[in-house]
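Asks: Input protein-v3.csv, format and content: CSV, C-alpha atoms and all ligand atoms.
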chain,number,residue,atom,x,y,z
Q,1,MET,CA,54.5,182.9,-68.2
Q,2,LYS,CA,52.7,183.8,-71.4
Q,3,SER,CA,49.0,184.0,-70.9
Q,4,TYR,CA,46.6,183.2,-73.6
Q,5,ILE,CA,43.4,184.0,-71.6
Q,6,GLU,CA,42.2,187.3,-70.3
Q,7,ILE,CA,39.1,187.4,-68.1
Q,8,HIS,CA,37.2,190.7,-68.0
Q,9,PRO,CA,37.2,192.3,-64.5
Q,10,ASP,CA,33.4,192.0,-64.2
Q,11,VAL,CA,33.5,188.3,-65.0
Q,12,GLN,CA,36.5,187.8,-62.7
Q,13,LYS,CA,34.5,189.3,-59.9
Q,14,ALA,CA,31.5,187.2,-60.7
Q,15,ILE,CA,33.6,184.0,-60.7
Q,16,LYS,CA,35.1,184.9,-57.3
Q,17,LYS,CA,31.8,185.7,-55.8
Q,18,HIS,CA,30.0,182.7,-57.3
Q,19,GLN,CA,27.6,184.9,-59.2
Q,20,PRO,CA,25.6,183.6,-62.2
Q,21,ILE,CA,27.4,184.1,-65.5
Q,22,VAL,CA,26.1,183.6,-69.0
Q,23,ALA,CA,28.6,183.0,-71.8
Q,24,LEU,CA,27.9,184.3,-75.3
Q,25,GLU,CA,29.5,183.4,-78.6
Q,26,SER,CA,31.0,185.8,-81.2
Q,27,THR,CA,30.6,184.0,-84.5
Q,28,ILE,CA,27.0,185.1,-84.5
Q,29,ILE,CA,28.3,188.7,-84.4
Q,30,THR,CA,31.0,188.4,-87.1
Q,31,HIS,CA,29.6,185.7,-89.4
Q,32,GLY,CA,25.9,185.3,-88.5
Q,33,MET,CA,24.6,188.9,-88.9
Q,34,PRO,CA,25.4,192.0,-90.8
Q,35,TYR,CA,26.7,195.3,-89.4
Q,36,PRO,CA,25.1,197.2,-87.6
Q,37,GLU,CA,22.4,194.7,-86.5
Q,38,ASN,CA,25.2,192.5,-85.1
Q,39,VAL,CA,26.4,195.3,-82.7
Q,40,LYS,CA,22.8,196.1,-81.6
Q,41,MET,CA,22.2,192.4,-80.9
Q,42,ALA,CA,25.5,191.8,-79.0
Q,43,LYS,CA,24.9,194.8,-76.7
Q,44,ARG,CA,21.2,194.1,-76.2
Q,45,VAL,CA,21.8,190.5,-75.3
Q,46,GLU,CA,24.3,191.6,-72.6
Q,47,SER,CA,21.9,194.1,-71.2
Q,48,ILE,CA,19.1,191.5,-71.0
Q,49,ILE,CA,21.4,189.2,-69.0
Q,50,ARG,CA,22.4,192.0,-66.6
Q,51,HIS,CA,18.8,193.1,-66.2
Q,52,GLU,CA,17.9,189.6,-65.1
Q,53,GLY,CA,20.7,189.6,-62.5
Q,54,ALA,CA,23.5,187.6,-64.2
Q,55,VAL,CA,26.8,188.7,-65.7
Q,56,PRO,CA,27.4,188.4,-69.5
Q,57,ALA,CA,30.6,187.1,-70.9
Q,58,THR,CA,30.9,187.4,-74.6
Q,59,ILE,CA,33.8,185.3,-75.8
Q,60,ALA,CA,36.2,186.0,-78.7
Q,61,ILE,CA,39.8,186.0,-79.5
Q,62,ILE,CA,41.5,189.4,-80.1
Q,63,ASN,CA,45.1,189.6,-81.2
Q,64,GLY,CA,45.7,186.0,-80.1
Q,65,ILE,CA,44.2,186.4,-76.6
Q,66,ILE,CA,41.1,184.5,-75.6
Q,67,LYS,CA,38.8,187.1,-74.1
Q,68,ILE,CA,36.2,186.0,-71.6
Q,69,GLY,CA,34.0,189.0,-71.5
Q,70,LEU,CA,34.4,191.9,-74.0
Q,71,SER,CA,34.3,195.6,-73.5
Q,72,GLU,CA,31.8,197.7,-75.6
Q,73,ASP,CA,34.8,198.9,-77.8
Q,74,GLU,CA,35.9,195.3,-78.4
Q,75,ILE,CA,32.4,194.3,-79.4
Q,76,GLU,CA,32.3,197.3,-81.9
Q,77,TYR,CA,35.7,196.4,-83.2
Q,78,LEU,CA,34.8,192.7,-83.9
Q,79,ALA,CA,31.5,193.6,-85.4
Q,80,LYS,CA,33.2,195.9,-87.9
Q,81,ALA,CA,36.4,193.9,-88.5
Q,82,LYS,CA,36.9,192.0,-91.7
Q,83,ASP,CA,39.0,188.8,-91.8
Q,84,VAL,CA,38.0,187.5,-88.4
Q,85,ILE,CA,38.5,183.8,-88.3
Q,86,LYS,CA,35.6,181.5,-87.4
Q,87,VAL,CA,37.1,179.5,-84.5
Q,88,SER,CA,36.0,176.0,-83.5
Q,89,LYS,CA,38.4,173.6,-81.8
Q,90,ARG,CA,40.7,173.0,-84.7
Q,91,ASP,CA,41.4,176.7,-85.2
Q,92,PHE,CA,42.6,177.7,-81.7
Q,93,GLY,CA,46.3,176.9,-82.0
Q,94,TYR,CA,46.7,178.8,-85.2
Q,95,VAL,CA,44.7,181.9,-84.1
Q,96,LEU,CA,46.5,182.1,-80.7
Q,97,SER,CA,50.0,181.6,-82.0
Q,98,GLN,CA,49.6,183.9,-85.0
Q,99,LYS,CA,48.0,186.6,-82.9
Q,100,LYS,CA,44.9,186.7,-85.0
Q,101,ASP,CA,41.3,187.8,-84.3
Q,102,GLY,CA,38.9,185.0,-83.9
Q,103,ALA,CA,35.2,184.6,-83.4
Q,104,THR,CA,34.2,181.6,-81.4
Q,105,THR,CA,31.4,179.3,-82.6
Q,106,VAL,CA,29.3,177.3,-80.2
Q,107,SER,CA,32.0,174.7,-80.0
Q,108,GLY,CA,34.8,177.3,-79.6
Q,109,THR,CA,32.8,179.2,-77.0
Q,110,MET,CA,32.1,176.0,-75.0
Q,111,LEU,CA,35.8,175.3,-74.9
Q,112,ALA,CA,36.7,178.8,-73.7
Q,113,ALA,CA,33.8,179.0,-71.2
Q,114,ASN,CA,34.9,175.8,-69.7
Q,115,MET,CA,38.5,177.2,-69.3
Q,116,ALA,CA,37.0,179.9,-67.1
Q,117,GLY,CA,34.6,177.5,-65.3
Q,118,ILE,CA,31.4,179.1,-66.8
Q,119,LYS,CA,28.6,176.6,-67.0
Q,120,VAL,CA,25.8,178.3,-68.9
Q,121,PHE,CA,25.9,179.7,-72.4
Q,122,ALA,CA,23.2,181.3,-74.6
Q,123,THR,CA,23.3,181.2,-78.4
Q,124,GLY,CA,20.9,181.4,-81.4
Q,125,GLY,CA,21.0,177.9,-82.9
Q,126,ILE,CA,23.6,175.3,-82.7
Q,127,GLY,CA,25.3,173.7,-85.7
Q,128,GLY,CA,24.4,170.1,-86.5
Q,129,VAL,CA,24.3,167.4,-89.2
Q,130,HIS,CA,23.9,169.2,-92.5
Q,131,ARG,CA,21.3,167.9,-95.0
Q,132,GLU,CA,23.0,165.1,-97.0
Q,133,GLY,CA,25.5,165.0,-94.2
Q,134,HIS,CA,25.8,161.2,-94.7
Q,135,ILE,CA,27.4,162.1,-98.1
Q,136,THR,CA,29.3,165.3,-97.3
Q,137,PHE,CA,30.3,164.4,-93.7
Q,138,ASP,CA,29.5,168.0,-92.8
Q,139,ILE,CA,28.7,167.6,-89.1
Q,140,SER,CA,29.3,170.6,-86.9
Q,141,ARG,CA,32.0,170.4,-84.3
Q,142,ASP,CA,29.3,171.8,-81.9
Q,143,LEU,CA,27.9,168.4,-81.5
Q,144,GLU,CA,31.3,166.9,-80.4
Q,145,GLU,CA,31.9,169.7,-77.8
Q,146,LEU,CA,28.3,169.2,-76.5
Q,147,SER,CA,29.3,165.6,-75.9
Q,148,GLU,CA,32.5,166.4,-74.1
Q,149,ILE,CA,32.2,169.6,-72.1
Q,150,ASN,CA,30.2,170.3,-69.0
Q,151,VAL,CA,28.4,173.4,-70.2
Q,152,LEU,CA,24.7,173.9,-70.7
Q,153,VAL,CA,23.7,175.6,-74.0
Q,154,VAL,CA,20.4,177.4,-74.5
Q,155,CYS,CA,19.4,177.6,-78.2
Q,156,ALA,CA,16.3,177.8,-80.3
Q,157,GLY,CA,16.9,174.3,-81.7
Q,158,ALA,CA,19.2,173.6,-84.5
Q,159,LYS,CA,19.0,175.8,-87.5
Q,160,ALA,CA,16.4,174.7,-90.0
Q,161,ILE,CA,19.0,174.6,-92.7
Q,162,LEU,CA,20.2,171.4,-91.2
Q,163,ASP,CA,18.8,167.9,-91.1
Q,164,LEU,CA,17.1,168.1,-87.7
Q,165,LYS,CA,16.3,164.4,-87.5
Q,166,LEU,CA,19.8,163.3,-88.0
Q,167,THR,CA,21.1,166.0,-85.6
Q,168,LEU,CA,18.9,164.6,-82.9
Q,169,GLU,CA,20.1,161.0,-83.7
Q,170,TYR,CA,23.7,162.2,-83.5
Q,171,LEU,CA,23.1,164.0,-80.2
Q,172,GLU,CA,21.6,160.8,-78.8
Q,173,THR,CA,24.6,158.7,-79.9
Q,174,LYS,CA,26.9,161.3,-78.2
Q,175,GLY,CA,24.9,161.2,-75.0
Q,176,VAL,CA,23.7,164.8,-75.0
Q,177,GLU,CA,20.6,165.5,-73.0
Q,178,VAL,CA,18.2,167.6,-75.1
Q,179,LEU,CA,15.6,169.3,-73.0
Q,180,GLY,CA,12.5,171.2,-74.3
Q,181,TYR,CA,11.9,174.4,-72.5
Q,182,GLN,CA,8.2,174.3,-71.8
Q,183,THR,CA,7.8,172.3,-75.0
Q,184,LYS,CA,7.8,168.6,-76.1
Q,185,GLU,CA,8.8,169.5,-79.7
Q,186,LEU,CA,12.2,170.4,-81.0
Q,187,PRO,CA,12.0,174.0,-82.2
Q,188,ALA,CA,13.5,174.7,-85.6
Q,189,PHE,CA,15.2,178.1,-85.1
Q,190,TYR,CA,13.0,180.4,-87.3
Q,191,THR,CA,9.9,178.4,-86.3
Q,192,LYS,CA,8.8,177.1,-82.9
Q,193,ASP,CA,7.9,173.7,-84.4
Q,194,SER,CA,9.7,171.0,-86.4
Q,195,GLY,CA,7.4,168.0,-86.0
Q,196,LEU,CA,10.1,166.2,-84.1
Q,197,GLU,CA,9.3,165.1,-80.6
Q,198,LEU,CA,11.6,165.5,-77.6
Q,199,ASP,CA,11.7,163.2,-74.7
Q,200,TYR,CA,11.8,165.7,-71.9
Q,201,LEU,CA,9.8,168.9,-71.3
Q,202,MET,CA,11.2,171.0,-68.6
Q,203,LYS,CA,8.8,173.4,-66.9
Q,204,ASP,CA,11.2,175.9,-65.5
Q,205,ALA,CA,14.8,177.0,-64.8
Q,206,LYS,CA,14.8,175.5,-61.4
Q,207,ASP,CA,14.2,172.0,-62.7
Q,208,ILE,CA,16.9,172.5,-65.3
Q,209,ALA,CA,19.3,173.6,-62.7
Q,210,SER,CA,18.8,170.5,-60.6
Q,211,LEU,CA,19.2,168.3,-63.7
Q,212,MET,CA,22.6,170.0,-64.3
Q,213,GLN,CA,23.6,169.4,-60.8
Q,214,ALA,CA,22.5,165.8,-60.8
Q,215,LYS,CA,24.2,164.9,-64.1
Q,216,TRP,CA,27.5,166.5,-63.2
Q,217,GLU,CA,27.6,165.6,-59.5
Q,218,VAL,CA,27.6,161.9,-60.4
Q,219,GLY,CA,30.6,162.5,-62.7
Q,220,LEU,CA,28.9,162.3,-66.1
Q,221,LYS,CA,30.8,164.3,-68.7
Q,222,GLY,CA,29.1,166.4,-71.3
Q,223,GLY,CA,26.9,169.2,-72.2
Q,224,ILE,CA,23.2,169.7,-71.9
Q,225,LEU,CA,21.1,171.3,-74.7
Q,226,VAL,CA,18.1,173.4,-73.8
Q,227,ALA,CA,15.8,173.9,-76.8
Q,228,ASN,CA,13.9,177.1,-76.2
Q,229,PRO,CA,11.4,177.9,-79.0
Q,230,ILE,CA,11.2,181.3,-80.6
Q,231,PRO,CA,8.3,183.3,-79.0
Q,232,ASP,CA,5.1,182.6,-80.8
Q,233,MET,CA,4.6,186.1,-82.2
Q,234,TYR,CA,8.0,186.0,-84.0
Q,235,SER,CA,7.8,182.4,-85.2
Q,236,MET,CA,7.9,182.4,-89.0
Q,237,ASN,CA,5.7,180.4,-91.4
Q,238,ARG,CA,7.1,176.9,-91.7
Q,239,GLU,CA,6.3,176.3,-95.4
Q,240,GLU,CA,7.6,179.7,-96.5
Q,241,ILE,CA,10.9,179.4,-94.6
Q,242,GLU,CA,11.3,175.8,-95.9
Q,243,ASP,CA,10.9,177.1,-99.4
Q,244,THR,CA,13.5,179.8,-98.9
Q,245,ILE,CA,15.9,177.3,-97.3
Q,246,GLU,CA,15.6,175.0,-100.3
Q,247,LYS,CA,16.5,177.9,-102.6
Q,248,ALA,CA,19.5,178.9,-100.5
Q,249,LEU,CA,20.7,175.3,-100.3
Q,250,GLN,CA,20.4,175.0,-104.1
Q,251,GLU,CA,22.5,178.1,-104.6
Q,252,ALA,CA,25.1,177.0,-102.1
Q,253,LYS,CA,25.4,173.7,-104.1
Q,254,GLU,CA,25.7,175.5,-107.4
Q,255,LYS,CA,28.4,177.8,-106.1
Q,256,GLY,CA,30.3,175.0,-104.5
Q,257,ILE,CA,30.1,176.5,-101.0
Q,258,HIS,CA,31.5,174.1,-98.4
Q,259,GLY,CA,33.2,173.7,-95.0
Q,260,LYS,CA,33.0,176.6,-92.5
Q,261,GLU,CA,31.6,178.9,-95.2
Q,262,THR,CA,28.3,177.0,-95.5
Q,263,THR,CA,26.5,178.2,-92.4
Q,264,PRO,CA,27.3,181.9,-92.9
Q,265,PHE,CA,26.4,181.7,-96.6
Q,266,LEU,CA,23.1,180.1,-95.9
Q,267,LEU,CA,22.2,182.6,-93.1
Q,268,ALA,CA,23.0,185.6,-95.3
Q,269,LYS,CA,21.1,184.2,-98.3
Q,270,ILE,CA,18.0,183.4,-96.2
Q,271,LYS,CA,18.1,186.9,-94.9
Q,272,ASP,CA,18.1,188.4,-98.4
Q,273,LEU,CA,15.4,186.1,-99.7
Q,274,THR,CA,13.1,186.9,-96.8
Q,275,LYS,CA,13.9,190.7,-97.1
Q,276,GLY,CA,15.3,190.7,-93.6
Q,277,ASP,CA,12.4,188.8,-91.9
Q,278,SER,CA,14.7,186.0,-90.9
Q,279,LEU,CA,17.1,188.4,-89.3
Q,280,ASN,CA,14.4,189.8,-87.2
Q,281,ALA,CA,13.4,186.3,-86.1
Q,282,ASN,CA,17.0,185.5,-85.4
Q,283,LEU,CA,17.4,188.6,-83.2
Q,284,GLU,CA,14.2,187.9,-81.2
Q,285,LEU,CA,15.1,184.2,-80.5
Q,286,VAL,CA,18.6,185.2,-79.3
Q,287,TYR,CA,17.1,187.7,-76.8
Q,288,HIS,CA,14.7,185.0,-75.5
Q,289,ASN,CA,17.5,182.5,-75.2
Q,290,ALA,CA,19.6,185.0,-73.2
Q,291,LEU,CA,16.7,185.6,-70.8
Q,292,ILE,CA,16.1,181.9,-70.2
Q,293,ALA,CA,19.9,181.2,-69.9
Q,294,SER,CA,20.1,183.9,-67.2
Q,295,LYS,CA,17.3,182.3,-65.2
Q,296,ILE,CA,19.0,179.0,-65.4
Q,297,ALA,CA,22.4,180.4,-64.4
Q,298,ILE,CA,20.8,182.1,-61.4
Q,299,GLU,CA,19.0,178.9,-60.3
Q,300,TYR,CA,22.1,176.8,-60.8
Q,301,GLU,CA,24.2,179.0,-58.5
Q,302,ARG,CA,21.4,178.7,-55.9
Q,303,CYS,CA,21.3,174.9,-56.4
Q,304,ILE,CA,25.0,174.5,-55.9
Q,305,LYS,CA,25.0,176.7,-52.8
Q,306,ASN,CA,22.2,174.7,-51.2
Q,307,PHE,CA,23.9,171.5,-52.0
Q,308,LYS,CA,27.1,172.6,-50.4
Q,309,GLU,CA,25.2,173.6,-47.3
Q,310,ASP,CA,23.5,170.3,-47.1
Q,311,ILE,CA,26.7,168.3,-47.0
Q,401,LIG,N1,23.4,180.5,-84.9
Q,401,LIG,C1,23.1,181.7,-85.4
Q,401,LIG,N2,24.0,182.3,-86.1
Q,401,LIG,C2,25.3,181.8,-86.3
Q,401,LIG,C3,25.6,180.5,-85.7
Q,401,LIG,C4,24.6,179.9,-85.0
Q,401,LIG,O1,22.0,182.2,-85.2
Q,401,LIG,O2,26.1,182.4,-86.9
Q,401,LIG,C5,27.0,179.9,-85.8
Q,401,LIG,C6,27.4,179.4,-84.4
Q,401,LIG,O3,28.6,180.0,-84.1
Q,401,LIG,C7,27.5,177.9,-84.7
Q,401,LIG,C8,28.1,177.9,-86.1
Q,401,LIG,O4,28.4,177.3,-83.8
Q,401,LIG,O5,27.2,178.8,-86.7
Q,401,LIG,C9,28.0,176.5,-86.7
Q,401,LIG,O6,28.8,176.5,-87.8
Q,401,LIG,P1,29.2,175.1,-88.5
Q,401,LIG,O7,27.9,174.7,-89.1
Q,401,LIG,O8,30.2,175.5,-89.6
Q,401,LIG,O9,29.8,174.2,-87.5
Q,402,MN,MN,30.5,172.2,-91.0
Go through the file and emit its structure as structure tokens.
Replies:
Amino acid sequence: MKSYIEIHPDVQKAIKKHQPIVALESTIITHGMPYPENVKMAKRVESIIRHEGAVPATIAIINGIIKIGLSEDEIEYLAKAKDVIKVSKRDFGYVLSQKKDGATTVSGTMLAANMAGIKVFATGGIGGVHREGHITFDISRDLEELSEINVLVVCAGAKAILDLKLTLEYLETKGVEVLGYQTKELPAFYTKDSGLELDYLMKDAKDIASLMQAKWEVGLKGGILVANPIPDMYSMNREEIEDTIEKALQEAKEKGIHGKETTPFLLAKIKDLTKGDSLNANLELVYHNALIASKIAIEYERCIKNFKEDI
């Protein structure tokens, strides 16, 4: 039978032995950051996860095969490659059947992680409801997958380029639990604050692991979003970044940027306007998310094991 999925031997071993695994997306490598910072980020994130005692699984599509876990060479290849397709749910069929290279978004990565039974995933920021989304209908597929798939995603909030208030409303409608990691405020990616309150503050990874177990054990379907603020020392100035975002949005509008191009365009523009400061913040928040995701994955495996022993 033709196989569309290939699981890296390290990840395969971890699945077999019930070791903690953290999935990672690849759109952030190909569309979210320039070369060579993207390679540096992708490798460092993996090493943070390993150091913490979990196994990283960066997910992408290479030559029509969904790869759960990439080799260093594959990471290098993707980071340099041009014409990699940004893959969310609607793109899988095309990319697999045409044997293309694809970088999975949060939504695509959740789908693929779920195929391999991986429950924890670290990213930078999720997609959400874009500003003026009620007119453009530009609402990221990420929110739909969060409502349907049993994977926990650690992020630094939704990107500040979005309408965060509408994004939270949408997540509520879709039944996605949004947890603040040691905070009661939704972080806004580049900044640790947004002015929007969250319902639940979680004090540690252990509490989050037992929440995952409880939600899924009773048969509730859907993801869990952990909002982990960018560390204080890297948090950018809220007014300044807001100003920059406005400028980037204005330019996107003038140039008629739309659809899947919007997010990459805005990220690159903001990086230029802040002379690289936003990229630095982006790197640091991803590292922090990988660390917290590892802790959660480790606690979750423990939790499952104890639960099985109890019954
Ligand atoms: N966060 C980042 N950089 C990124 C993205 C998120 O720090 O490049 C990507 C993710 O892959 C996310 C996607 O799923 O942007 C959302 O794109 P869209 O708005 O087109 O759904
Ligand atoms: Mn979109």
Asks: When the cut-off is 10 Å and you count all atoms listed in the file, which residues lie near ligand MN 402 (chain Q), shown as number ranges by chain?
Replies: Q: 127-130, 133, 136-142, 258-263
Asks: Identify which of the residues Q:Val87, Q:Ala290, Q:Ile75, Q:Leu186 lies closest to ligand LIG 401 (chain Q), counting all atoms listed in the file when measuring atom-to-atom distances.
Replies: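 Closest residue, counting all atoms listed in the file: Q:Val87.
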Asks: Could you check how far CA of Gly219 (chain Q) sits from CA of Ile149 (chain Q), in Å to one decimal?
Replies: 11.9 Å
Asks: Rank Q:Lys221, Q:His18, Q:Lys159, Q:His8 by their smallest atom-to-atom distance to ligand LIG 401 (chain Q), using only C-alpha atoms and all ligand atoms, and report the top residue only.
Replies: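 Selected residue with least distance to ligand LIG 401 (chain Q): Q:Lys159.
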Asks: With distances taken over all atoms listed in the file, which residue among Q:Val153, Q:Ala103, Q:Leu168, Q:Leu249 lies nearest Val22 (chain Q)?
Replies: Q:Val153
Asks: Could you check which of Q:Arg302, Q:Lys174, Q:Arg238, Q:His31 is closest to ligand LIG 401 (chain Q), using only C-alpha atoms and all ligand atoms?
Replies: Q:His31
Asks: With distances taken over all atoms listed in the file, which residue among Q:Ile257, Q:Leu179, Q:Ala60, Q:Ile49 lies nearest Ile29 (chain Q)?
Replies: Q:Ala60
Asks: To one decimal in Å, tell me the separation between CA of Ala205 (chain Q) and CA of Val55 (chain Q).
Replies: 16.8 Å
Asks: Using the partial input, fill out region 240-256 of chain Q with N, CA, C and O atoms; write the result as a tab-separated table (two decimals), in the coordinates of the input.
Replies:
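Written output follows (rebuild.tsv):
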chain	number	residue	atom	x	y	z
Q	240	GLU	N	6.84	178.60	-95.83
Q	240	GLU	CA	7.60	179.70	-96.50
Q	240	GLU	C	9.09	179.58	-96.23
Q	240	GLU	O	9.90	179.67	-97.16
Q	241	ILE	N	9.43	179.39	-94.98
Q	241	ILE	CA	10.90	179.40	-94.60
Q	241	ILE	C	11.52	178.12	-95.24
Q	241	ILE	O	12.65	178.16	-95.71
Q	242	GLU	N	10.77	177.04	-95.28
Q	242	GLU	CA	11.30	175.80	-95.90
Q	242	GLU	C	11.62	176.00	-97.35
Q	242	GLU	O	12.66	175.59	-97.84
Q	243	ASP	N	10.72	176.71	-98.04
Q	243	ASP	CA	10.90	177.10	-99.40
Q	243	ASP	C	12.18	177.87	-99.66
Q	243	ASP	O	12.99	177.60	-100.55
Q	244	THR	N	12.32	178.86	-98.80
Q	244	THR	CA	13.50	179.80	-98.90
Q	244	THR	C	14.77	178.98	-98.62
Q	244	THR	O	15.78	179.18	-99.31
Q	245	ILE	N	14.72	178.11	-97.63
Q	245	ILE	CA	15.90	177.30	-97.30
Q	245	ILE	C	16.33	176.45	-98.48
Q	245	ILE	O	17.51	176.37	-98.83
Q	246	GLU	N	15.33	175.84	-99.13
Q	246	GLU	CA	15.60	175.00	-100.30
Q	246	GLU	C	16.36	175.83	-101.36
Q	246	GLU	O	17.33	175.36	-101.95
Q	247	LYS	N	15.88	177.05	-101.59
Q	247	LYS	CA	16.50	177.90	-102.60
Q	247	LYS	C	17.95	178.22	-102.20
Q	247	LYS	O	18.87	178.16	-103.03
Q	248	ALA	N	18.14	178.56	-100.93
Q	248	ALA	CA	19.50	178.90	-100.50
Q	248	ALA	C	20.42	177.71	-100.57
Q	248	ALA	O	21.58	177.84	-101.00
Q	249	LEU	N	19.92	176.53	-100.24
Q	249	LEU	CA	20.70	175.30	-100.30
Q	249	LEU	C	21.14	175.02	-101.76
Q	249	LEU	O	22.29	174.64	-102.04
Q	250	GLN	N	20.19	175.24	-102.65
Q	250	GLN	CA	20.40	175.00	-104.10
Q	250	GLN	C	21.57	175.91	-104.57
Q	250	GLN	O	22.51	175.47	-105.25
Q	251	GLU	N	21.48	177.18	-104.18
Q	251	GLU	CA	22.50	178.10	-104.60
Q	251	GLU	C	23.88	177.79	-104.02
Q	251	GLU	O	24.90	177.89	-104.71
Q	252	ALA	N	23.87	177.35	-102.77
Q	252	ALA	CA	25.10	177.00	-102.10
Q	252	ALA	C	25.78	175.82	-102.91
Q	252	ALA	O	27.00	175.79	-103.13
Q	253	LYS	N	24.95	174.90	-103.32
Q	253	LYS	CA	25.40	173.70	-104.10
Q	253	LYS	C	26.03	174.17	-105.41
Q	253	LYS	O	27.15	173.77	-105.76
Q	254	GLU	N	25.27	175.03	-106.11
Q	254	GLU	CA	25.70	175.50	-107.40
Q	254	GLU	C	27.07	176.26	-107.30
Q	254	GLU	O	27.94	176.15	-108.16
Q	255	LYS	N	27.20	177.02	-106.23
Q	255	LYS	CA	28.40	177.80	-106.10
Q	255	LYS	C	29.56	177.03	-105.43
Q	255	LYS	O	30.65	177.57	-105.23
Q	256	GLY	N	29.27	175.80	-105.06
Q	256	GLY	CA	30.30	175.00	-104.50
Q	256	GLY	C	30.74	175.41	-103.07
Q	256	GLY	O	31.88	175.19	-102.65
